[in-house]
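Here is the structure we will look at.
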Protein chains: 2
Amino acid sequence: MTRKVLKFGGTSVANIERIEHVADVVAHRARNEGGGFAVVVSAMAGETNKLVGWTKEAAGDGLVGAEYDDEYDVVVSSGEQVTSGLLALALRKRGLRARSWLGWQLALRTDEAHGKARIKGFEGEGFAEAVDGGEIAVIAGFQGVDDNGRIATLGRGGSDTSAVAAAAALGASECAIYTDVDGVYTTDPRIVPKAQRMEKISYEEMLELASLGAKVLQTRCVELGMNNNVPIRVLSSFADPGDTHAGTLVCNEDEIVEKQVVSGIAYSRDEAKFTLLGLDDHPGVAAEIFARLADAGVNVDMIVQADARREGRQNMVFTAPDRDAELARRTLEDARSEIGFEELEVNRDVAKVSVVGVGMRSHTGVAKAMFQALSAKGINIAVIATSEIKISVLIDAAYTELAVRALHTAYGLDAE
Amino acid sequence: MTRKVLKFGGTSVANIERIEHVADVVAHRARNEGGGFAVVVSAMAGETNKLVGWTKEAAGDGLVGAEYDDEYDVVVSSGEQVTSGLLALALRKRGLRARSWLGWQLALRTDEAHGKARIKGFEGEGFAEAVDGGEIAVIAGFQGVDDNGRIATLGRGGSDTSAVAAAAALGASECAIYTDVDGVYTTDPRIVPKAQRMEKISYEEMLELASLGAKVLQTRCVELGMNNNVPIRVLSSFADPGDTHAGTLVCNEDEIVEKQVVSGIAYSRDEAKFTLLGLDDHPGVAAEIFARLADAGVNVDMIVQADARREGRQNMVFTAPDRDAELARRTLEDARSEIGFEELEVNRDVAKVSVVGVGMRSHTGVAKAMFQALSAKGINIAVIATSEIKISVLIDAAYTELAVRALHTAYGLDAE
């Protein structure tokens, strides 16, 4: 039988009124589409923050890591537990059979990395049987149970991941992620009013867009969908529940007939550019630099080694999230003598703009078009990085909107 | 090894500051007394009401019974879950080993009567092993798991019951119930300032006092303690944690050396008196009356059949909670012809005053002393009922305080 998974986030279940609306959407779909339904819910917006605040207060500053994370999970997972029970009641009120399922009841097995656990798989058949029997399974998202029988939460974006994992376990035909946007756009509509909602996008493209700052879906959730071949539909909680083609479908590249050379333009302002001048030119110096940054927890992105040696010295450029800029600067300055460099320049006034598209694999000239479009607007490129389906450039942050608009037009993405 | 169970109610864990205080008390006792400790906690005061309000809102008026109770349990049990995690963190902050235990983790097995489940027993050894290993077990009270693996709550006073059940499962030497009173008194200190805290009281006496309206411990919890021979200590959350004799110990009669003839005076103003006049005097009439009241959910207490027959007719007097007075009146009036009575008088202006003491079993003259003391104050007795360790009288409600004071003095209970 056809099984479907629907997921509703925190703002979609923020209060009883919103939960009633979610119940209406689910009831409409269950009555009209037939088949089995599982619904994954987040905590009511605001509840998680309240619970996290309490755990921090109770624990104080001294408790960290294993001394904190397991009980954090016990407290914080209660938020999704509450929503699952409430939605089950609201569905029953509409004459549907429904029941809540908590992580340990499913059982959704995880590893023991409390607070950011990874899913190992589903155990037990009761859940799938209930869904096939016509009972709507209301799943508390974000939570599972580890091998010690303790609650483990999945970390940021965990409820989306729960939903895709449930869809994989059920062999669902689709996992619908209801959220506060109505799909994935060719770029940020706040910058480009002519941005278009995509009907379909491949997992690979979505991964590049997600990691580039299009915050619709978390990377983990898309990866899980890709690995298990679960089509993920991103749509608005307020979409017509009868429109089963609403939003954007994230799916296998093969299912996209009309492949765009470039599907979307992403940007990120949370960037900082680091330039190490007069670096000792000896083997291992790059390893030294990036090992220190990794140990400090700095997530380095683009790296360019400029071939401009003079007197046995060279320059190195890399980028990292702007929020880590100070940490990265201190880490490098503290190791100045060990690494051996003359000067460190940090520019926090930069942005990264990227064009993404699976069509790039078979088309040439994508990079050329990008550089021409930027050049025509007088935008200087500081760093370039490429992958198989993506070209990213680092530019002066002041030019971000201009660059995004120029590229959106250049690749023919503007709506008519 | 010695095992102890401590229980803290909702007002004792109302916020993080109070939870910190509870952690101080537990830490003090664990460090000074040695042995294994389990701590049972309620939801933070106010949380349960909030959660119950949400479930009612989500369910609307239409869902009742089985359609409501299981998901009510899922939502409401989250309150104790939160407190257990927070207290575990607060104990760890004090350098103690601690972890939370939820109902399904223990596992505390219950029947399937959601919302008012009864405990069937503890499964699994992990909990006792952890306690013996020196880790403080912080148990979410009020909750268990039924045979279907669903959360079931224990109803009113459920956390006290959880605590006594845990103490029974552990073979604990004592179950300390920390609350907002500092023990069980010979009567209500608001009425009799000379009321004294009892050092010890038998389970049987406590049961009579509990069911008579001394709201310190729920009947179920005392029964469970009695059946499993678990001494229960009632004491204030603010008692000196070093004073292991604080509060009142509810224990076996055999452990009380100096038995009082009368241990305490209880009263209840939630009483209504019903008089059926001119009742048909035929077999089965009493069965007819009380079956109808039972079906309507009226909890009848004292029953007196006055032997004052005239022309084949008699009178019958009984009492019921005042909150059921209107329901009882309607039930009887609706069946007037089937039952066959001339008149129904309802007096809602009555109170029940009771003297309780295991010493009554071996002492005569207790009733005589009661009637003399009341008579000396000009208090008229409307109904009398007795059990092995209790004598109750129904009087005009206006005389309640006077009666309680007179009896407290008459039985020598006034403090010096």
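Residues are named by chain letter and number: chains run A, B, ... in the order of the structure tokens, numbers start at 1 in each chain, and ligands are numbered from 1 in the order shown.
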The coordinates of chain B, once least-squares superposed on chain A over all sequentially paired C-alpha atoms, should be supplied as a compact mmCIF listing (two decimals) with C-alpha atoms, in the first residue's frame.
# COMPACT_ATOMS: atom_id res chain seq x y z
CA MET B 1 0.11 -0.10 -0.04
CA THR B 2 1.16 3.52 -0.48
CA ARG B 3 2.66 5.03 2.63
CA LYS B 4 3.35 8.70 3.11
CA VAL B 5 5.15 10.68 5.78
CA LEU B 6 4.21 14.28 6.57
CA LYS B 7 6.32 16.46 8.85
CA PHE B 8 5.29 19.69 10.58
CA GLY B 9 7.81 22.00 12.25
CA GLY B 10 7.61 24.08 15.40
CA THR B 11 5.91 27.15 13.93
CA SER B 12 3.29 24.89 12.28
CA VAL B 13 2.35 23.47 15.71
CA ALA B 14 3.03 26.61 17.78
CA ASN B 15 -0.30 26.51 19.61
CA ILE B 16 -3.55 24.53 19.72
CA GLU B 17 -5.03 26.60 16.87
CA ARG B 18 -2.10 25.74 14.59
CA ILE B 19 -2.25 22.08 15.68
CA GLU B 20 -5.94 22.08 14.70
CA HIS B 21 -4.95 23.39 11.26
CA VAL B 22 -2.34 20.63 10.92
CA ALA B 23 -5.02 18.10 11.87
CA ASP B 24 -7.23 19.53 9.11
CA VAL B 25 -4.45 19.12 6.54
CA VAL B 26 -3.68 15.56 7.62
CA ALA B 27 -7.37 14.62 7.77
CA HIS B 28 -7.94 15.99 4.26
CA ARG B 29 -5.03 14.08 2.82
CA ALA B 30 -5.79 10.84 4.66
CA ARG B 31 -9.41 10.90 3.44
CA ASN B 32 -8.63 11.88 -0.16
CA GLU B 33 -5.45 10.01 -0.96
CA GLY B 34 -5.96 6.74 0.90
CA GLY B 35 -3.01 4.64 1.98
CA GLY B 36 -1.07 4.82 5.22
CA PHE B 37 0.09 8.01 6.88
CA ALA B 38 2.74 8.81 9.44
CA VAL B 39 3.02 12.39 10.73
CA VAL B 40 6.19 13.67 12.39
CA VAL B 41 5.95 16.70 14.67
CA SER B 42 8.36 19.12 16.30
CA ALA B 43 7.90 20.77 19.67
CA MET B 44 5.54 23.74 19.85
CA ALA B 45 7.56 26.85 18.91
CA GLY B 46 9.10 28.33 22.04
CA GLU B 47 8.85 25.17 24.15
CA THR B 48 12.28 23.85 23.22
CA ASN B 49 13.93 27.16 24.12
CA LYS B 50 12.14 27.15 27.48
CA LEU B 51 13.25 23.59 28.23
CA VAL B 52 16.84 24.26 27.12
CA GLY B 53 16.87 27.33 29.39
CA TRP B 54 15.78 25.20 32.35
CA THR B 55 18.44 22.54 31.75
CA LYS B 56 21.13 25.23 31.54
CA GLU B 57 19.89 26.79 34.77
CA ALA B 58 19.77 23.44 36.60
CA ALA B 59 23.18 22.34 35.32
CA GLY B 60 25.03 25.62 35.78
CA ASP B 61 28.26 26.27 33.88
CA GLY B 62 30.24 23.39 35.27
CA LEU B 63 28.48 20.44 33.63
CA VAL B 64 29.44 19.79 30.02
CA GLY B 65 29.48 16.89 27.59
CA ALA B 66 28.42 13.50 28.93
CA GLU B 67 27.59 15.01 32.32
CA TYR B 68 24.95 17.18 30.68
CA ASP B 69 23.82 15.80 27.33
CA ASP B 70 21.84 12.71 28.40
CA GLU B 71 19.59 14.58 30.84
CA TYR B 72 19.32 17.50 28.39
CA ASP B 73 17.81 14.93 26.03
CA VAL B 74 15.35 13.69 28.67
CA VAL B 75 14.10 17.21 29.34
CA VAL B 76 14.10 18.63 25.82
CA SER B 77 12.53 15.57 24.11
CA SER B 78 9.41 16.13 26.22
CA GLY B 79 8.48 18.99 23.87
CA GLU B 80 7.87 16.71 20.88
CA GLN B 81 6.16 14.18 23.16
CA VAL B 82 3.57 16.80 24.09
CA THR B 83 2.87 17.78 20.47
CA SER B 84 2.49 14.16 19.36
CA GLY B 85 -0.17 13.47 21.98
CA LEU B 86 -2.02 16.69 21.21
CA LEU B 87 -2.09 16.08 17.45
CA ALA B 88 -3.26 12.49 17.97
CA LEU B 89 -6.19 13.89 19.99
CA ALA B 90 -6.96 16.54 17.37
CA LEU B 91 -7.02 13.85 14.65
CA ARG B 92 -9.32 11.62 16.71
CA LYS B 93 -11.63 14.57 17.18
CA ARG B 94 -11.93 14.57 13.38
CA GLY B 95 -13.03 10.94 13.43
CA LEU B 96 -9.69 9.46 12.37
CA ARG B 97 -7.83 6.69 14.10
CA ALA B 98 -4.50 8.01 15.37
CA ARG B 99 -1.96 7.45 18.11
CA SER B 100 1.31 8.99 19.22
CA TRP B 101 4.66 7.19 18.88
CA LEU B 102 7.64 8.29 20.93
CA GLY B 103 11.23 7.57 19.90
CA TRP B 104 11.55 4.61 22.27
CA GLN B 105 8.23 3.17 21.18
CA LEU B 106 9.10 3.10 17.46
CA ALA B 107 11.92 2.15 18.35
CA LEU B 108 14.15 4.58 16.48
CA ARG B 109 17.63 3.41 17.48
CA THR B 110 20.46 5.93 17.67
CA ASP B 111 24.09 5.98 18.73
CA GLU B 112 24.97 7.38 22.14
CA ALA B 113 26.02 10.86 21.00
CA HIS B 114 23.37 12.58 23.14
CA GLY B 115 22.22 15.97 21.87
CA LYS B 116 23.34 15.18 18.31
CA ALA B 117 22.70 11.45 17.95
CA ARG B 118 22.78 9.70 14.60
CA ILE B 119 20.06 7.29 13.57
CA LYS B 120 21.05 3.62 13.36
CA GLY B 121 17.67 2.34 12.23
CA PHE B 122 14.14 1.37 13.17
CA GLU B 123 13.38 -1.66 15.30
CA GLY B 124 10.02 -3.28 15.81
CA GLU B 125 7.19 -3.74 13.38
CA GLY B 126 4.33 -2.26 15.41
CA PHE B 127 4.64 1.14 13.83
CA ALA B 128 4.48 -0.01 10.18
CA GLU B 129 1.67 -2.42 11.05
CA ALA B 130 -0.34 0.37 12.64
CA VAL B 131 0.15 2.58 9.56
CA ASP B 132 -0.91 -0.23 7.23
CA GLY B 133 -3.90 -0.87 9.46
CA GLY B 134 -5.13 2.63 8.71
CA GLU B 135 -4.14 4.27 11.97
CA ILE B 136 -2.28 7.54 11.57
CA ALA B 137 1.05 7.29 13.38
CA VAL B 138 1.89 10.63 15.02
CA ILE B 139 5.63 10.50 15.64
CA ALA B 140 7.45 12.69 18.13
CA GLY B 141 10.32 13.97 15.99
CA PHE B 142 13.88 14.78 17.03
CA GLN B 143 14.18 11.78 19.35
CA GLY B 144 15.28 8.18 19.45
CA VAL B 145 16.56 5.70 22.00
CA ASP B 146 20.14 4.48 22.38
CA ASP B 147 21.31 0.95 23.14
CA ASN B 148 21.16 1.69 26.87
CA GLY B 149 17.46 2.47 26.62
CA ARG B 150 17.99 6.19 27.14
CA ILE B 151 16.39 8.99 25.13
CA ALA B 152 18.72 10.59 22.56
CA THR B 153 17.90 13.69 20.53
CA LEU B 154 19.08 14.19 16.98
CA GLY B 155 20.29 17.78 17.18
CA ARG B 156 19.52 20.67 14.87
CA GLY B 157 17.01 19.84 12.14
CA GLY B 158 16.41 16.54 13.92
CA SER B 159 12.69 16.37 13.23
CA ASP B 160 13.27 16.60 9.47
CA THR B 161 15.76 13.79 9.83
CA SER B 162 13.26 11.75 11.89
CA ALA B 163 10.71 12.22 9.11
CA VAL B 164 13.02 11.07 6.33
CA ALA B 165 14.18 8.12 8.46
CA ALA B 166 10.56 7.13 9.09
CA ALA B 167 9.83 7.44 5.38
CA ALA B 168 12.83 5.21 4.61
CA ALA B 169 11.73 2.63 7.22
CA LEU B 170 8.21 2.60 5.77
CA GLY B 171 9.36 2.60 2.15
CA ALA B 172 7.16 5.68 1.81
CA SER B 173 6.45 7.11 -1.63
CA GLU B 174 7.15 10.62 -0.34
CA CYS B 175 8.20 12.57 2.73
CA ALA B 176 6.44 15.94 2.83
CA ILE B 177 8.16 18.57 4.96
CA TYR B 178 5.59 21.25 5.80
CA THR B 179 7.29 24.50 6.73
CA ASP B 180 6.86 28.28 6.63
CA VAL B 181 8.13 28.66 3.04
CA ASP B 182 6.30 27.34 0.02
CA GLY B 183 9.24 25.55 -1.57
CA VAL B 184 12.83 25.90 -2.73
CA TYR B 185 13.53 28.94 -4.87
CA THR B 186 16.09 29.60 -7.58
CA THR B 187 17.48 32.18 -5.20
CA ASP B 188 16.42 34.29 -2.21
CA PRO B 189 13.17 36.04 -3.26
CA ARG B 190 13.92 38.89 -0.87
CA ILE B 191 16.85 39.80 -3.14
CA VAL B 192 15.44 38.76 -6.49
CA PRO B 193 11.67 39.24 -6.72
CA LYS B 194 11.75 37.29 -9.99
CA ALA B 195 13.08 34.19 -8.22
CA GLN B 196 11.03 31.12 -9.13
CA ARG B 197 9.91 28.17 -7.06
CA MET B 198 11.50 25.01 -8.45
CA GLU B 199 9.17 22.08 -9.05
CA LYS B 200 11.95 19.60 -8.63
CA ILE B 201 15.56 19.69 -7.54
CA SER B 202 18.08 16.87 -7.20
CA TYR B 203 19.42 15.75 -3.84
CA GLU B 204 22.94 16.81 -4.91
CA GLU B 205 21.84 20.33 -5.79
CA MET B 206 19.82 20.62 -2.59
CA LEU B 207 22.87 19.54 -0.58
CA GLU B 208 24.96 22.27 -2.19
CA LEU B 209 22.23 24.84 -1.63
CA ALA B 210 21.66 23.69 1.98
CA SER B 211 25.32 23.89 2.89
CA LEU B 212 25.52 27.26 1.15
CA GLY B 213 22.98 28.82 3.43
CA ALA B 214 19.56 28.18 1.86
CA LYS B 215 18.15 27.14 5.21
CA VAL B 216 15.10 25.20 4.04
CA LEU B 217 16.41 21.70 4.75
CA GLN B 218 19.31 20.52 6.87
CA THR B 219 22.15 18.73 5.09
CA ARG B 220 21.71 15.53 7.15
CA CYS B 221 18.10 15.17 6.19
CA VAL B 222 18.84 15.56 2.45
CA GLU B 223 21.73 13.08 2.70
CA LEU B 224 19.48 10.54 4.40
CA GLY B 225 16.86 11.02 1.69
CA MET B 226 19.48 10.58 -1.02
CA ASN B 227 20.97 7.45 0.54
CA ASN B 228 17.55 5.85 0.96
CA ASN B 229 16.02 7.24 -2.20
CA VAL B 230 13.18 8.98 -0.35
CA PRO B 231 11.64 11.86 -2.35
CA ILE B 232 11.31 14.88 -0.05
CA ARG B 233 8.65 17.51 -0.76
CA VAL B 234 9.15 20.94 0.81
CA LEU B 235 5.89 22.87 1.02
CA SER B 236 3.95 25.43 3.03
CA SER B 237 1.72 24.40 5.95
CA PHE B 238 -0.87 26.59 4.27
CA ALA B 239 -0.64 24.91 0.85
CA ASP B 240 -3.92 23.50 -0.47
CA PRO B 241 -3.92 19.98 1.04
CA GLY B 242 -5.51 18.70 -2.17
CA ASP B 243 -2.57 19.90 -4.28
CA THR B 244 -0.18 16.95 -4.13
CA HIS B 245 2.23 18.78 -6.45
CA ALA B 246 2.64 21.84 -4.24
CA GLY B 247 6.07 23.02 -3.14
CA THR B 248 9.35 21.57 -4.37
CA LEU B 249 10.24 17.90 -4.72
CA VAL B 250 13.80 16.99 -3.79
CA CYS B 251 14.49 13.77 -5.65
CA ASN B 252 16.84 11.70 -7.73
CA GLU B 253 18.46 13.47 -10.68
CA ASP B 254 17.03 10.78 -13.00
CA GLU B 255 13.49 11.86 -12.18
CA ILE B 256 14.14 15.40 -13.40
CA VAL B 257 13.46 15.42 -17.14
CA GLU B 258 14.28 19.04 -17.96
CA LYS B 259 17.60 19.56 -16.28
CA GLN B 260 18.66 23.16 -15.86
CA VAL B 261 22.34 23.90 -16.44
CA VAL B 262 22.14 26.14 -13.39
CA SER B 263 19.28 25.49 -10.96
CA GLY B 264 19.90 28.09 -8.32
CA ILE B 265 22.03 30.91 -7.01
CA ALA B 266 23.03 30.79 -3.33
CA TYR B 267 24.88 33.30 -1.22
CA SER B 268 26.32 33.57 2.24
CA ARG B 269 27.42 36.66 4.10
CA ASP B 270 28.84 34.69 7.04
CA GLU B 271 32.29 34.60 5.45
CA ALA B 272 35.74 35.88 6.34
CA LYS B 273 38.82 35.81 4.12
CA PHE B 274 42.27 35.10 5.56
CA THR B 275 45.48 35.86 3.71
CA LEU B 276 48.81 34.57 4.99
CA LEU B 277 51.60 36.58 3.39
CA GLY B 278 55.25 35.59 3.25
CA LEU B 279 54.62 32.00 4.23
CA ASP B 280 57.56 29.60 4.60
CA ASP B 281 57.61 27.47 1.47
CA HIS B 282 58.39 24.02 2.82
CA PRO B 283 56.49 20.69 2.76
CA GLY B 284 53.92 20.32 5.53
CA VAL B 285 53.19 24.00 6.07
CA ALA B 286 49.61 23.69 4.78
CA ALA B 287 49.05 20.63 6.98
CA GLU B 288 50.36 22.61 9.96
CA ILE B 289 47.99 25.53 9.33
CA PHE B 290 44.81 23.56 8.77
CA ALA B 291 45.45 21.02 11.53
CA ARG B 292 45.67 23.90 14.01
CA LEU B 293 42.48 25.48 12.71
CA ALA B 294 40.65 22.13 12.77
CA ASP B 295 41.77 21.50 16.37
CA ALA B 296 40.42 24.93 17.30
CA GLY B 297 37.06 24.01 15.72
CA VAL B 298 37.28 26.42 12.78
CA ASN B 299 35.47 25.13 9.72
CA VAL B 300 37.66 26.15 6.78
CA ASP B 301 35.86 26.37 3.44
CA MET B 302 37.71 27.60 0.32
CA ILE B 303 41.52 27.29 0.13
CA VAL B 304 43.71 28.86 -2.55
CA GLN B 305 47.47 28.61 -2.67
CA ALA B 306 48.67 31.46 -4.86
CA ASP B 307 51.71 30.48 -6.83
CA ALA B 308 53.61 33.74 -6.31
CA ARG B 309 56.84 32.63 -4.74
CA ARG B 310 59.57 35.12 -4.05
CA GLU B 311 62.69 34.24 -2.09
CA GLY B 312 61.27 30.88 -0.98
CA ARG B 313 58.08 32.44 0.36
CA GLN B 314 54.51 32.26 -0.88
CA ASN B 315 50.95 33.42 -0.03
CA MET B 316 47.94 31.38 1.05
CA VAL B 317 44.26 32.42 1.04
CA PHE B 318 41.35 30.63 2.75
CA THR B 319 37.87 31.37 3.99
CA ALA B 320 36.01 30.42 7.16
CA PRO B 321 32.66 31.41 8.72
CA ASP B 322 32.77 35.01 9.88
CA ARG B 323 31.59 33.93 13.36
CA ASP B 324 34.90 32.01 13.68
CA ALA B 325 37.03 34.91 12.40
CA GLU B 326 38.45 36.02 15.73
CA LEU B 327 39.11 32.44 16.87
CA ALA B 328 40.91 31.68 13.60
CA ARG B 329 42.99 34.87 13.83
CA ARG B 330 44.10 34.09 17.39
CA THR B 331 44.87 30.47 16.55
CA LEU B 332 47.15 31.52 13.70
CA GLU B 333 48.82 34.43 15.52
CA ASP B 334 49.58 32.16 18.50
CA ALA B 335 51.40 29.79 16.16
CA ARG B 336 53.10 32.45 14.02
CA SER B 337 56.62 31.23 14.75
CA GLU B 338 55.80 27.53 14.39
CA ILE B 339 54.00 28.07 11.09
CA GLY B 340 56.33 30.79 9.85
CA PHE B 341 54.55 33.66 8.11
CA GLU B 342 55.18 37.38 7.80
CA GLU B 343 51.72 38.84 7.87
CA LEU B 344 48.05 37.80 8.38
CA GLU B 345 45.31 39.82 6.73
CA VAL B 346 41.69 39.18 7.75
CA ASN B 347 38.87 40.59 5.65
CA ARG B 348 35.47 40.10 7.22
CA ASP B 349 33.67 42.18 4.64
CA VAL B 350 33.24 39.44 2.05
CA ALA B 351 30.42 37.25 0.74
CA LYS B 352 30.29 33.98 -1.13
CA VAL B 353 28.03 33.66 -4.17
CA SER B 354 27.54 30.26 -5.79
CA VAL B 355 25.80 28.88 -8.84
CA VAL B 356 24.59 25.28 -8.50
CA GLY B 357 23.31 22.87 -11.13
CA VAL B 358 23.68 19.22 -12.10
CA GLY B 359 23.58 20.32 -15.73
CA MET B 360 27.11 21.70 -15.32
CA ARG B 361 28.41 18.17 -15.60
CA SER B 362 27.52 18.06 -19.28
CA HIS B 363 27.74 21.76 -20.17
CA THR B 364 30.81 23.85 -20.69
CA GLY B 365 30.94 27.60 -20.41
CA VAL B 366 29.14 27.87 -17.09
CA ALA B 367 32.14 29.43 -15.35
CA LYS B 368 32.79 31.75 -18.28
CA ALA B 369 29.19 33.02 -18.15
CA MET B 370 29.55 33.61 -14.42
CA PHE B 371 32.75 35.59 -14.67
CA GLN B 372 31.41 37.64 -17.61
CA ALA B 373 28.20 38.50 -15.78
CA LEU B 374 30.10 39.64 -12.69
CA SER B 375 32.69 41.53 -14.71
CA ALA B 376 29.95 43.37 -16.62
CA LYS B 377 28.75 44.77 -13.27
CA GLY B 378 32.30 45.67 -12.21
CA ILE B 379 32.42 43.04 -9.47
CA ASN B 380 35.87 41.85 -8.53
CA ILE B 381 36.41 38.15 -7.70
CA ALA B 382 38.75 37.45 -4.79
CA VAL B 383 38.64 33.66 -4.65
CA ILE B 384 37.14 30.96 -6.86
CA ALA B 385 36.27 27.41 -5.84
CA THR B 386 34.52 24.76 -7.86
CA SER B 387 32.96 21.34 -7.41
CA GLU B 388 31.31 19.07 -9.96
CA ILE B 389 27.96 20.87 -9.75
CA LYS B 390 28.90 24.22 -8.17
CA ILE B 391 31.02 27.29 -8.78
CA SER B 392 31.57 29.66 -5.84
CA VAL B 393 33.22 33.05 -5.83
CA LEU B 394 34.20 35.28 -2.95
CA ILE B 395 33.42 38.96 -3.51
CA ASP B 396 33.18 42.24 -1.62
CA ALA B 397 30.08 41.91 0.59
CA ALA B 398 28.65 45.20 -0.65
CA TYR B 399 28.10 43.63 -4.07
CA THR B 400 26.17 40.58 -2.83
CA GLU B 401 22.69 41.54 -4.05
CA LEU B 402 24.00 42.95 -7.32
CA ALA B 403 25.91 39.72 -8.02
CA VAL B 404 22.99 37.45 -7.15
CA ARG B 405 20.63 39.45 -9.39
CA ALA B 406 23.09 39.56 -12.28
CA LEU B 407 23.69 35.79 -12.14
CA HIS B 408 19.98 34.99 -11.78
CA THR B 409 19.37 36.90 -15.00
CA ALA B 410 22.45 35.58 -16.78
CA TYR B 411 21.43 31.95 -16.33
CA GLY B 412 17.88 32.60 -17.48
CA LEU B 413 16.28 31.96 -14.10
CA ASP B 414 14.15 35.14 -13.90
CA ALA B 415 10.41 34.51 -13.98
CA GLU B 416 8.60 35.85 -17.07
**Request:** Could you pull out the residues in region 188-303 of chain B that DSSP calls strand (DSSP E) from the backbone, as number ranges by chain?
**Result:** B: 200-202, 232-236, 248-251, 264-280, 303
